[in-house]
Amino acid sequence: MVQSIFDLTGKNALVTGASRGLGRSIAIGLAEAGAEVAISSRHLGDLSETESLIAEVGGTSHPVELDVCEVAAMQARIDRLCEELGGLDVLVNNAGYEEVCPSLQVDEELWDKITGTNLKGAFFCAQSAAKTMVRSGRGGSIINVCSLTSYVGVPTAVPYGSSKSGMLGMTRALATEWASQKIRVNAIAPGYFRTDLTDAFYQDPSWQNSMLEKIPLGTFGDSNDLKGTVIYLSGQSSNYVTGQCIAIDGGFLASI
């Protein structure tokens with residue numbers, strides 16, 4: 001019984017921003033749990049490694065070229081994908097963009113690029129998924145990838161923090177609105193994980209030492225550390241959970 005509630009066999013999932021980093025690990029984890037996984041990126045060729053890694057664990061993947069900033073094209077592509085798959089049960093809104101910049105130097109173009117990807121794109125992706133879930137009548141699970149900046153302020157990351165704070169509010173609002181349609185909306189907030197997006201920070205040993213002192217578990221996150229929580233939020237193991245954000249941060253938020 002316990003094993004079966006974490007089994008995602010028969011579920012169709014879409015993970016945006018799955019070409020690398022946390023999105024890639026999440027997609028692999030869903031495949032390991034039995035889901036059929038559509039993986040998306042702005043460039044189809046960037047998904048080849050993720051596709052191969054999913055095949056290695058015995059999973060099935062469907063690479064999709066998707067730019068969440070191009071709303072009309074994105075929504076049309078998601079509609080076609082859902083027709084091909086026979087519906088959608090899980091969406092992981094992971095596609096994101098960050099560029100460190102002092103606030104006095106942020107221009108409109110940078111603001112729009114970050115918030116357009118992280119918040120606007122995520123909303124319209126969720127909307128597309130929800131429409132499919134409503135049509136199917138079986139509901140589904142939407143998981144937004146928030147951030148520690150959804151909770152705390154980080155200098156030189158104001159557009160990013162604003163977008164991720166907005167995503168947390170969006171998660172709660174959509175959860176209350178879509179509950180009657182059997183759609184659960186939750187989020188995860190990864191802590192300090194080394195990815196291509198954050199690698200520049202980790203190249204500084206003094207920064208690493210400083211951050212590790214603030215993490216009670218005393219280590220940075222491994223991308224595999226996200227899999228269990230995402231699998232939990234994707235299936236029947238979390239049937240009565242919606243509107244929540246789970247921090248996967250080694251205790252960072254609990255200790256500040």
# chains A, B, ... in the order shown; residues from 1 in each chain; ligands from 1

$ select_by_dssp --residues "range 54-88 of chain A" --states "strand (DSSP E)" --output "ChimeraX atom specification"
/A:61-65

$ closest_atom_pairs --of "range 58-176 of chain A" --to "range 45-48 of chain A" --cutoff "10 Å" --atoms "only C-alpha atoms" --output "tab-separated table"
residue	atom	partner	partner_atom	distance
A:His62	CA	A:Leu47	CA	9.6
A:Pro63	CA	A:Leu47	CA	6.5
A:Val64	CA	A:Leu47	CA	8.4
A:Glu65	CA	A:Gly45	CA	8.8

$ atom_distance --atom1 "CA of Phe123 in chain A" --atom2 "CA of Pro155 in chain A"
25.3 Å

$ closest_residue --among "A:Ala33, A:Leu53, A:Gly58, A:Ile142" --to "Val15 in chain A" --atoms "only C-alpha atoms"
A:Ile142

$ closest_residue --among "A:Ile215, A:Leu81, A:Ala175, A:Leu110" --to "Leu66 in chain A" --atoms "only C-alpha atoms"
A:Leu81

$ residues_around --residues "range 206-209 of chain A" --least-positions-apart "4" --cutoff "12 Å" --atoms "only C-alpha atoms" --output "PDB file with N, CA, C and O atoms, in the first residue's frame"
ATOM      1  N   TYR A 192      20.215  25.806  -1.525  1.00  0.00           N
ATOM      2  CA  TYR A 192      21.453  26.016  -2.271  1.00  0.00           C
ATOM      3  C   TYR A 192      21.886  24.731  -2.972  1.00  0.00           C
ATOM      4  O   TYR A 192      22.387  23.801  -2.356  1.00  0.00           O
ATOM      5  N   PHE A 193      21.629  24.705  -4.279  1.00  0.00           N
ATOM      6  CA  PHE A 193      21.993  23.593  -5.146  1.00  0.00           C
ATOM      7  C   PHE A 193      22.945  24.125  -6.208  1.00  0.00           C
ATOM      8  O   PHE A 193      22.698  25.187  -6.787  1.00  0.00           O
ATOM      9  N   ARG A 194      23.984  23.382  -6.496  1.00  0.00           N
ATOM     10  CA  ARG A 194      24.930  23.822  -7.518  1.00  0.00           C
ATOM     11  C   ARG A 194      24.434  23.403  -8.891  1.00  0.00           C
ATOM     12  O   ARG A 194      24.313  22.214  -9.190  1.00  0.00           O
ATOM     13  N   THR A 198      23.897  28.640 -11.131  1.00  0.00           N
ATOM     14  CA  THR A 198      24.486  29.187  -9.890  1.00  0.00           C
ATOM     15  C   THR A 198      25.970  28.873  -9.736  1.00  0.00           C
ATOM     16  O   THR A 198      26.571  29.212  -8.712  1.00  0.00           O
ATOM     17  N   ASP A 199      26.565  28.251 -10.737  1.00  0.00           N
ATOM     18  CA  ASP A 199      27.937  27.755 -10.595  1.00  0.00           C
ATOM     19  C   ASP A 199      28.951  28.848 -10.262  1.00  0.00           C
ATOM     20  O   ASP A 199      29.932  28.591  -9.556  1.00  0.00           O
ATOM     21  N   ALA A 200      28.710  30.065 -10.741  1.00  0.00           N
ATOM     22  CA  ALA A 200      29.668  31.150 -10.497  1.00  0.00           C
ATOM     23  C   ALA A 200      29.888  31.388  -9.007  1.00  0.00           C
ATOM     24  O   ALA A 200      31.012  31.669  -8.560  1.00  0.00           O
ATOM     25  N   PHE A 201      28.835  31.257  -8.213  1.00  0.00           N
ATOM     26  CA  PHE A 201      28.962  31.451  -6.770  1.00  0.00           C
ATOM     27  C   PHE A 201      29.840  30.372  -6.151  1.00  0.00           C
ATOM     28  O   PHE A 201      30.676  30.643  -5.283  1.00  0.00           O
ATOM     29  N   TYR A 202      29.661  29.141  -6.586  1.00  0.00           N
ATOM     30  CA  TYR A 202      30.337  28.004  -5.974  1.00  0.00           C
ATOM     31  C   TYR A 202      31.820  27.958  -6.311  1.00  0.00           C
ATOM     32  O   TYR A 202      32.570  27.196  -5.700  1.00  0.00           O
ATOM     33  N   GLU A 213      27.911  27.516   6.677  1.00  0.00           N
ATOM     34  CA  GLU A 213      27.719  27.844   8.093  1.00  0.00           C
ATOM     35  C   GLU A 213      26.261  28.181   8.408  1.00  0.00           C
ATOM     36  O   GLU A 213      25.838  28.095   9.556  1.00  0.00           O
ATOM     37  N   LYS A 214      25.506  28.554   7.392  1.00  0.00           N
ATOM     38  CA  LYS A 214      24.110  28.949   7.589  1.00  0.00           C
ATOM     39  C   LYS A 214      23.129  27.802   7.351  1.00  0.00           C
ATOM     40  O   LYS A 214      21.922  27.968   7.550  1.00  0.00           O
ATOM     41  N   ILE A 215      23.636  26.658   6.906  1.00  0.00           N
ATOM     42  CA  ILE A 215      22.778  25.515   6.594  1.00  0.00           C
ATOM     43  C   ILE A 215      22.928  24.470   7.702  1.00  0.00           C
ATOM     44  O   ILE A 215      24.003  23.867   7.843  1.00  0.00           O
ATOM     45  N   GLY A 218      24.619  21.283   7.043  1.00  0.00           N
ATOM     46  CA  GLY A 218      26.046  21.421   6.756  1.00  0.00           C
ATOM     47  C   GLY A 218      26.493  20.991   5.380  1.00  0.00           C
ATOM     48  O   GLY A 218      27.669  20.714   5.164  1.00  0.00           O
ATOM     49  N   THR A 219      25.568  20.947   4.426  1.00  0.00           N
ATOM     50  CA  THR A 219      25.950  20.549   3.070  1.00  0.00           C
ATOM     51  C   THR A 219      25.027  21.221   2.069  1.00  0.00           C
ATOM     52  O   THR A 219      23.899  21.607   2.401  1.00  0.00           O
ATOM     53  N   PHE A 220      25.517  21.380   0.850  1.00  0.00           N
ATOM     54  CA  PHE A 220      24.663  21.888  -0.217  1.00  0.00           C
ATOM     55  C   PHE A 220      23.772  20.764  -0.731  1.00  0.00           C
ATOM     56  O   PHE A 220      24.067  19.590  -0.562  1.00  0.00           O
TER      57      PHE A 220
END

$ closest_atom_pairs --of "range 179-208 of chain A" --to "range 127-138 of chain A" --cutoff "8 Å" --atoms "only C-alpha atoms" --output "Markdown table"
| residue | atom | partner | partner_atom | distance |
| --- | --- | --- | --- | --- |
| A:Gln181 | CA | A:Val134 | CA | 6.3 |
| A:Lys182 | CA | A:Arg138 | CA | 7.0 |
| A:Ile183 | CA | A:Ala130 | CA | 7.3 |
